[in-house]
Amino acid sequence: MGAVFRLSLAITGSEVDAADVSQDAFVSAWRSLRSLRDPASFDGWLRRIVVNRARMAIRGRRRRALREIPTGTIEDVASAPVTDAAVLIEALDSLDPDRRTILALHYLEGRSIEEMAAILAVPPGTVKSRLFAARRALSDALGAGSRSS
Amino acid sequence: MNGEPWDDDRLSAAFESAFDRRPPTGLSDRTMEEIVRVNRSRSRRIIGLLAAAATIVVGVALAAESWQIDRVGPGPSGTVSGTPSSALDSPSPSPPTDGLDLPVIDVDAALAVRDLPGHSEELAVDGWLNLAATRGPVFCPFDPLPPSPLRGCGLEGLFSAPAGDGASAASFPIRMLLVRLADLTAEERAADWLRVVLYGHFDDRRASLCGEHVEQAAELLQQDPVELSRQVVRQCEDQFVVDQVASVDGRPTTDHFADWSTGTRWTLSTATASVAPFIGSQPILSSTAIPGVSIRSWEPALAADRQFRLENEPALWLFAVLDSSGQVDTYIVVDEIGKVFRSVGPSFERVDGWTDPAGPPTFTVVLGELSGDKALAQIWDRSGLMVSARAATAEDPAVVAPDQGVLVRKLEGRQNQVRLTWRGSVCQDYRIVLEANAALVRIATTPGSGQPVVCQAIAPQPRDVILFLRSSVGRVEADLLP
């Protein structure tokens, strides 16, 4: 549950959505268990459900037009030191869900290109190009964040 | 924040630090409660399947997710493994089904199934159709035939709830190939949204062909092919192929036949009787009749199949049959002839025990000067005996009257030639079907339809055709069908 929650959080950027996504993902996996023909592939299979559910949650959040303030950031902003984690969260917030997803799978979960290809259901070459583009977008966002801070 | 570059190590550490959060207290318990609730709402059949797999998933889930038993209090592993069994033991209400033993699931659950690998099993999904979307002009980018709302591309999807006025709902694209919306009341036809239960499946065997016409579609839509591919090819691949509209507004439907043909000779009951020996007790979800030339729209793989040549058939019957493994097979019956084919993966096999003859499938014959260059006799050879056909050049001593039907003779000294003579309208085309077994050659001659009035005013003309066969034949019968 912990790993699923962390991945959901990295993609959605919201603890509330991450909790919903985690629960939905496990329930969906349970419901659809008969489709899992190879138990050894459970890990990637579950991650694919998580990624899809997280994308749906983001789409739903756009419709709700709500913005959540993560509990972890409710602090005295003026006195809090600017950490790498805080800068990263702010930078990720400016990226689209697909880029957050591939960055989370790579940096947070340490997934290989092949594993990401299986999870995202795209060819490895597509994963490479998407990861390259996502890294560049993140680098730009981190640069912008550094300048503003 | 330090001024070091954001290399991979620093990014990994930042990710780890940023998202090193524990799940909210009680999330695992709530998840388990939801799984229990889901189990209770599912049919006994599915629960049985889940129970068989429960041990596997719990074990794998625990190993894969390092489920933190000590974090969440009362042992989730015991709850996980114990709950499904207790759910199985307790009586649970079953969702409505129509006797096919398919549990009815909602759109969200169907989406979850779609997102999994290997998910072509038949589903029964409860949702909403947007009928309003079918009333405007529609475009079917992957369909070489003219668009038709009843064929499905006007129906943009099945929704979890009526959407509109800023509201939205989960949905997936659907395609209604063999089915139509039947038995609608006037009120239902006028409604914008219609609640239905659809039988169908994802991961259809034809999904790999979704991108086939994308360039043509892009040209028509004046869009970039690459962009169009991103937009609609994926949607096509993800579509839910509907095999039956099982209920409308909570009311079970009874009419599951859609007639798209322009003239079948058989009735539905005759065609069904032809396929019955091959499907046994497996239920027919829906059926349709189509012109043979349109087979590429339903079964693209068959259009290019030179062996079966179904495009040359005047009419075909298609049946969607639920097999014992929960998958849908398509059976094709050739109208009037009774050849039966069954889908096997992406292709088809003939199952009626006959083999198709080699050689060209059809022969055309120009009949008389009045017809100009138009071939007024089309000959379909089912026998494998024919090598050619032509209009008789010598005057025929035996001229038949219009009400005498067709005269068939084996020519003296030329036992491999059969002469057909009848009288027919000057403009009307005729279809001659030749079948044979060891003892008998059977020939059916059928007039086409739709001749101009001026042609009908001219007296019937003699029709005289000679069929050249590979070898001499035994008895020959012929009929001029109405």
# chains A, B, ... in the order shown; residues from 1 in each chain; ligands from 1
>>> interface_residues(of="chain A", to="chain B", cutoff="7 Å", atoms="only C-alpha atoms", output="PDB file with C-alpha atoms, in the first residue's frame")
ATOM      1  CA  MET A   1       0.000   0.000   0.000  1.00  0.00           C
ATOM      2  CA  GLY A   2       2.820   2.379   0.822  1.00  0.00           C
ATOM      3  CA  ALA A   3       4.500   2.160  -2.575  1.00  0.00           C
ATOM      4  CA  PHE A   5       0.325   5.561  -2.268  1.00  0.00           C
ATOM      5  CA  ARG A   6       3.691   7.235  -2.916  1.00  0.00           C
ATOM      6  CA  LEU A   9       1.022  11.060  -4.664  1.00  0.00           C
ATOM      7  CA  ALA A  10       3.880  11.795  -7.058  1.00  0.00           C
ATOM      8  CA  ALA A  19      -5.526   7.944  -1.081  1.00  0.00           C
ATOM      9  CA  GLN A  23      -7.969   2.439  -2.770  1.00  0.00           C
ATOM     10  CA  VAL A  27     -10.325  -2.589  -5.574  1.00  0.00           C
ATOM     11  CA  SER A  28      -9.989  -2.584  -9.366  1.00  0.00           C
ATOM     12  CA  SER A  32     -10.250  -7.824 -12.358  1.00  0.00           C
ATOM     13  CA  LEU A  33      -8.068 -10.460 -10.897  1.00  0.00           C
ATOM     14  CA  ARG A  34      -9.279 -13.119 -13.284  1.00  0.00           C
ATOM     15  CA  SER A  35      -7.651 -11.163 -16.101  1.00  0.00           C
ATOM     16  CA  PHE A  42       1.300  -8.535 -10.763  1.00  0.00           C
ATOM     17  CA  ASP A  43       3.621  -5.680  -9.880  1.00  0.00           C
ATOM     18  CA  TRP A  45      -0.078  -4.882 -13.765  1.00  0.00           C
ATOM     19  CA  ILE A  49      -3.902   0.394 -12.891  1.00  0.00           C
ATOM     20  CA  VAL A  82      13.801  25.889   0.828  1.00  0.00           C
ATOM     21  CA  THR A  83      14.509  22.189   0.352  1.00  0.00           C
ATOM     22  CA  ASP A  84      15.098  20.183  -2.794  1.00  0.00           C
ATOM     23  CA  ALA A  85      11.851  18.362  -2.073  1.00  0.00           C
ATOM     24  CA  ALA A  86       9.851  21.586  -1.936  1.00  0.00           C
ATOM     25  CA  LEU A  88      10.750  19.582  -6.848  1.00  0.00           C
ATOM     26  CA  ILE A  89       7.095  19.539  -5.782  1.00  0.00           C
ATOM     27  CA  TYR A 107      13.210   8.581 -10.121  1.00  0.00           C
ATOM     28  CA  LEU A 108      10.896   7.469  -7.335  1.00  0.00           C
TER      29      LEU A 108
END
>>> atom_distance(atom1="atom CA of Ala91 of chain A", atom2="atom CA of Val21 of chain A")
22.0 Å
>>> closest_residue(among="A:Val127, A:Leu92, A:Val16, A:Val87", to="Ala57 of chain A", atoms="only C-alpha atoms")
A:Val16
>>> residues_around(residues="Val50 of chain A", least_positions_apart="3", cutoff="7 Å", atoms="only C-alpha atoms", output="PyMOL selection string")
chain A and resi 8+21-22+25+46-47+53-54
>>> write_last_selection(atoms="C-alpha atoms", output="compact mmCIF listing (two decimals), in the first residue's frame")
# COMPACT_ATOMS: atom_id res chain seq x y z
CA SER A 8 -0.12 8.05 -6.66
CA VAL A 21 -6.33 6.36 -6.22
CA SER A 22 -4.66 3.78 -3.99
CA ALA A 25 -6.46 0.68 -7.67
CA LEU A 46 -0.97 -3.08 -10.54
CA ARG A 47 1.23 -0.11 -11.43
CA ARG A 53 -6.49 5.73 -12.00
CA ALA A 54 -4.21 8.64 -11.16
>>> closest_residue(among="B:Val245, B:Val433, B:Leu411, B:Ala389", to="Glu313 of chain B", atoms="only C-alpha atoms")
B:Val433
